[in-house]
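S.K.: Handing you a structure now.
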Amino acid sequence: DTSSVTLFGNGGAARAALVAFRLAGIKTVIIQARDLMAARALAVEFGLGIGPQPFDSKVETALLVNATPLGMTAEQCLNCDLANMPARGGVFDMVYQGGETPLITAAKARGLGVATGLEMLVEQAASAFKFFFDVDPPRDKDAELFTILESQDQPSQKSQHD
């Protein structure tokens, strides 16, 4: 069931996600954020029927979208308790760093579908290429580009164990 989604965050990326949810016809969106006042203003602006919840609330929707920068370092973890998500659920983490974020690792461990910020970055690059050059991008290079991006910004072994 993709009719409900939990959205982490209440900034610009969250706003863009809310527009995408509206275009996709997703009716139920639950915002989880640290700043509940700002999240409430966003919920009112987008006419969400459910008020925002604290960041550490249980995630029970079929989809989860992280629109925060949290999780960019190996030491941080978001609300990674995904035990209450349906087995056929999915997680999209907008963080675009090399390697897996703790949220993506937790989603994979639970057997959920995942999409990463690097995948989003490649799609944004393809759209920009089309916009700037007015030709379709060379999508046959996506796998190579993704491999290069994944290898960038990997945390060093020392930082993982200190």
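For the structure tokens, the naming scheme is as follows: chains receive sequential letters (A, B, ...) according to their order of presentation, residues are indexed from 1 within each chain, and ligands are indexed from 1 in presentation order.
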I want to know what sits within 7 Å of Val65 in chain A, based on only C-alpha atoms, with residues of the same chain fewer than 2 positions away left out; could you give that as a PyMOL selection string?

M.R.: chain A and resi 6-8+63+67+91-93

S.K.: Can you tell me, as a list in words, what residues are no more than 10 Å from Ile30 in chain A when counting only C-alpha atoms, ignoring any on the same chain fewer than 6 positions away?

M.R.: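 The residues that qualify are Ser4, Val5, Thr6, Leu7, Phe8, Ala39, Ala43, Leu48, Gly49, Ile50, Gly51, Pro52, Gln53, Val59, Glu60, Thr61 and Leu64 of chain A.
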
S.K.: I need the residue nearest Glu123 in chain A from this list: A:Phe146, A:Ser151, A:Val135, A:Thr105. Use only C-alpha atoms for the distance.

M.R.: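 Result for the nearest residue to Glu123 in chain A: A:Phe146.
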
S.K.: Kindly indicate which residue among A:Ala13, A:Ala109, A:Leu18, A:Leu23 lies nearest to Gly47 in chain A, using only C-alpha atoms for the distances.

M.R.: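 Checking each candidate against Gly47 in chain A, we get A:Leu18 as the closest.
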
S.K.: Could you tell me how far CA of Met120 in chain A sits from CA of Phe132 in chain A, in Å to one decimal place?

M.R.: 18.3 Å

S.K.: CA of Gly12 in chain A and CA of Lys27 in chain A, how far apart in Å?

M.R.: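 CA of Gly12 in chain A lies 20.0 Å from CA of Lys27 in chain A.
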
S.K.: Hey, which of A:Thr68, A:Thr73, A:Ser57, A:Thr147 ends up closest to Thr101 in chain A? Count only C-alpha atoms.

M.R.: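 Distance minimum relative to Thr101 in chain A lands on A:Thr73.
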
S.K.: Using only C-alpha atoms, determine which residues lie at most 10 Å from Gln76 in chain A, disregarding the query and same-chain residues fewer than 3 positions distant; provide the list as a list in words.

M.R.: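 Contacts, with the query itself left out: Leu70, Gly71, Met72, Thr73, Asn79, Thr101, Pro102 and Leu103 of chain A.
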
S.K.: As a ChimeraX atom specification, please: all residues of range 30-162 of chain A that backbone DSSP puts in alpha helix (DSSP H).

M.R.: /A:36-45,102-109,117-133,142-151,157-161

S.K.: Would you mind listing what lies within 8 Å of Arg110 in chain A as a PyMOL selection string, with only C-alpha atoms counted and same-chain residues fewer than 5 positions away left out?

M.R.: chain A and resi 82-83+87

S.K.: Residues as selected, N, CA, C and O atoms, written as a CSV table (one decimal), in the first residue's frame, can you do that?

M.R.:
chain,number,residue,atom,x,y,z
A,82,LEU,N,12.4,0.3,12.1
A,82,LEU,CA,11.5,0.2,11.0
A,82,LEU,C,10.6,-1.1,11.2
A,82,LEU,O,9.9,-1.5,10.3
A,83,ALA,N,10.6,-1.6,12.5
A,83,ALA,CA,9.9,-2.8,12.8
A,83,ALA,C,8.4,-2.8,12.5
A,83,ALA,O,7.8,-3.8,12.2
A,87,ALA,N,5.9,-5.3,5.6
A,87,ALA,CA,7.0,-6.0,5.0
A,87,ALA,C,7.2,-5.6,3.5
A,87,ALA,O,8.4,-5.7,3.0

S.K.: Please provide as number ranges by chain all residues within 7 Å of Arg88 in chain A, with the sequence filter that same-chain residues fewer than 2 positions apart are discarded (counting only C-alpha atoms).

M.R.: A: 86, 90, 112

S.K.: Please, could you write that set of residues out with C-alpha atoms as an mmCIF file, in the first residue's frame?

M.R.:
data_model
loop_
_atom_site.group_PDB
_atom_site.id
_atom_site.type_symbol
_atom_site.label_atom_id
_atom_site.label_comp_id
_atom_site.auth_asym_id
_atom_site.auth_seq_id
_atom_site.Cartn_x
_atom_site.Cartn_y
_atom_site.Cartn_z
ATOM 1 C CA PRO A 86 4.740 -3.311 6.415
ATOM 2 C CA GLY A 90 10.103 1.017 1.103
ATOM 3 C CA LEU A 112 12.382 -3.303 2.606
#

S.K.: Mind pulling up the distance from CA of Val29 in chain A to CA of Ala126 in chain A?

M.R.: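 Going from CA of Ala126 in chain A over to CA of Val29 in chain A, I get 28.2 Å.
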
S.K.: If you run DSSP on the backbone here, which positions in range 5-157 of chain A get strand (DSSP E)? Please write them as an NGL selection string.

M.R.: :A and (5-8 or 28-33 or 53-54 or 63-66 or 90-93 or 113-116)

S.K.: So, with only C-alpha atoms as the atoms that count, which of A:Asn66, A:Tyr96, A:Ala16, A:Ala106 lies closest to Asp81 in chain A?

M.R.: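 Smallest separation from Asp81 in chain A among the options: A:Ala106.
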
S.K.: Show which residues sit within 8 Å of Gly25 in chain A, as a PyMOL selection string. Count only C-alpha atoms, and ignore same-chain residues fewer than 3 positions away.

M.R.: chain A and resi 3+21-22

S.K.: Please write the residues from the selection above to a file, keeping all heavy atoms, as a PDB file, in the first residue's frame.

M.R.:
ATOM      1  N   SER A   3      -0.287   4.315  -0.294  1.00  0.00           N
ATOM      2  CA  SER A   3      -1.158   5.472  -0.108  1.00  0.00           C
ATOM      3  C   SER A   3      -0.786   6.282   1.130  1.00  0.00           C
ATOM      4  O   SER A   3      -1.395   7.300   1.401  1.00  0.00           O
ATOM      5  CB  SER A   3      -2.612   5.032  -0.019  1.00  0.00           C
ATOM      6  OG  SER A   3      -2.794   4.216   1.122  1.00  0.00           O
ATOM      7  N   PHE A  21       4.467  14.050  -3.504  1.00  0.00           N
ATOM      8  CA  PHE A  21       3.405  13.194  -2.954  1.00  0.00           C
ATOM      9  C   PHE A  21       2.044  13.633  -3.469  1.00  0.00           C
ATOM     10  O   PHE A  21       1.208  12.809  -3.842  1.00  0.00           O
ATOM     11  CB  PHE A  21       3.393  13.226  -1.421  1.00  0.00           C
ATOM     12  CG  PHE A  21       4.657  12.757  -0.760  1.00  0.00           C
ATOM     13  CD1 PHE A  21       4.988  13.225   0.497  1.00  0.00           C
ATOM     14  CD2 PHE A  21       5.519  11.868  -1.375  1.00  0.00           C
ATOM     15  CE1 PHE A  21       6.136  12.801   1.133  1.00  0.00           C
ATOM     16  CE2 PHE A  21       6.679  11.438  -0.756  1.00  0.00           C
ATOM     17  CZ  PHE A  21       6.984  11.909   0.512  1.00  0.00           C
ATOM     18  N   ARG A  22       1.831  14.939  -3.502  1.00  0.00           N
ATOM     19  CA  ARG A  22       0.550  15.465  -3.993  1.00  0.00           C
ATOM     20  C   ARG A  22       0.351  15.068  -5.454  1.00  0.00           C
ATOM     21  O   ARG A  22      -0.729  14.628  -5.846  1.00  0.00           O
ATOM     22  CB  ARG A  22       0.502  16.980  -3.832  1.00  0.00           C
ATOM     23  CG  ARG A  22      -0.821  17.556  -4.308  1.00  0.00           C
ATOM     24  CD  ARG A  22      -0.969  19.010  -3.990  1.00  0.00           C
ATOM     25  NE  ARG A  22      -1.284  19.152  -2.564  1.00  0.00           N
ATOM     26  CZ  ARG A  22      -1.155  20.275  -1.897  1.00  0.00           C
ATOM     27  NH1 ARG A  22      -0.717  21.350  -2.485  1.00  0.00           N
ATOM     28  NH2 ARG A  22      -1.479  20.336  -0.614  1.00  0.00           N
TER      29      ARG A  22
END

S.K.: Would you pick out the contacts of Phe55 in chain A at 6 Å or less, using only C-alpha atoms, so that residues sharing its chain but fewer than 3 positions from it are not included, and give the list as number ranges by chain?

M.R.: A: 32-34
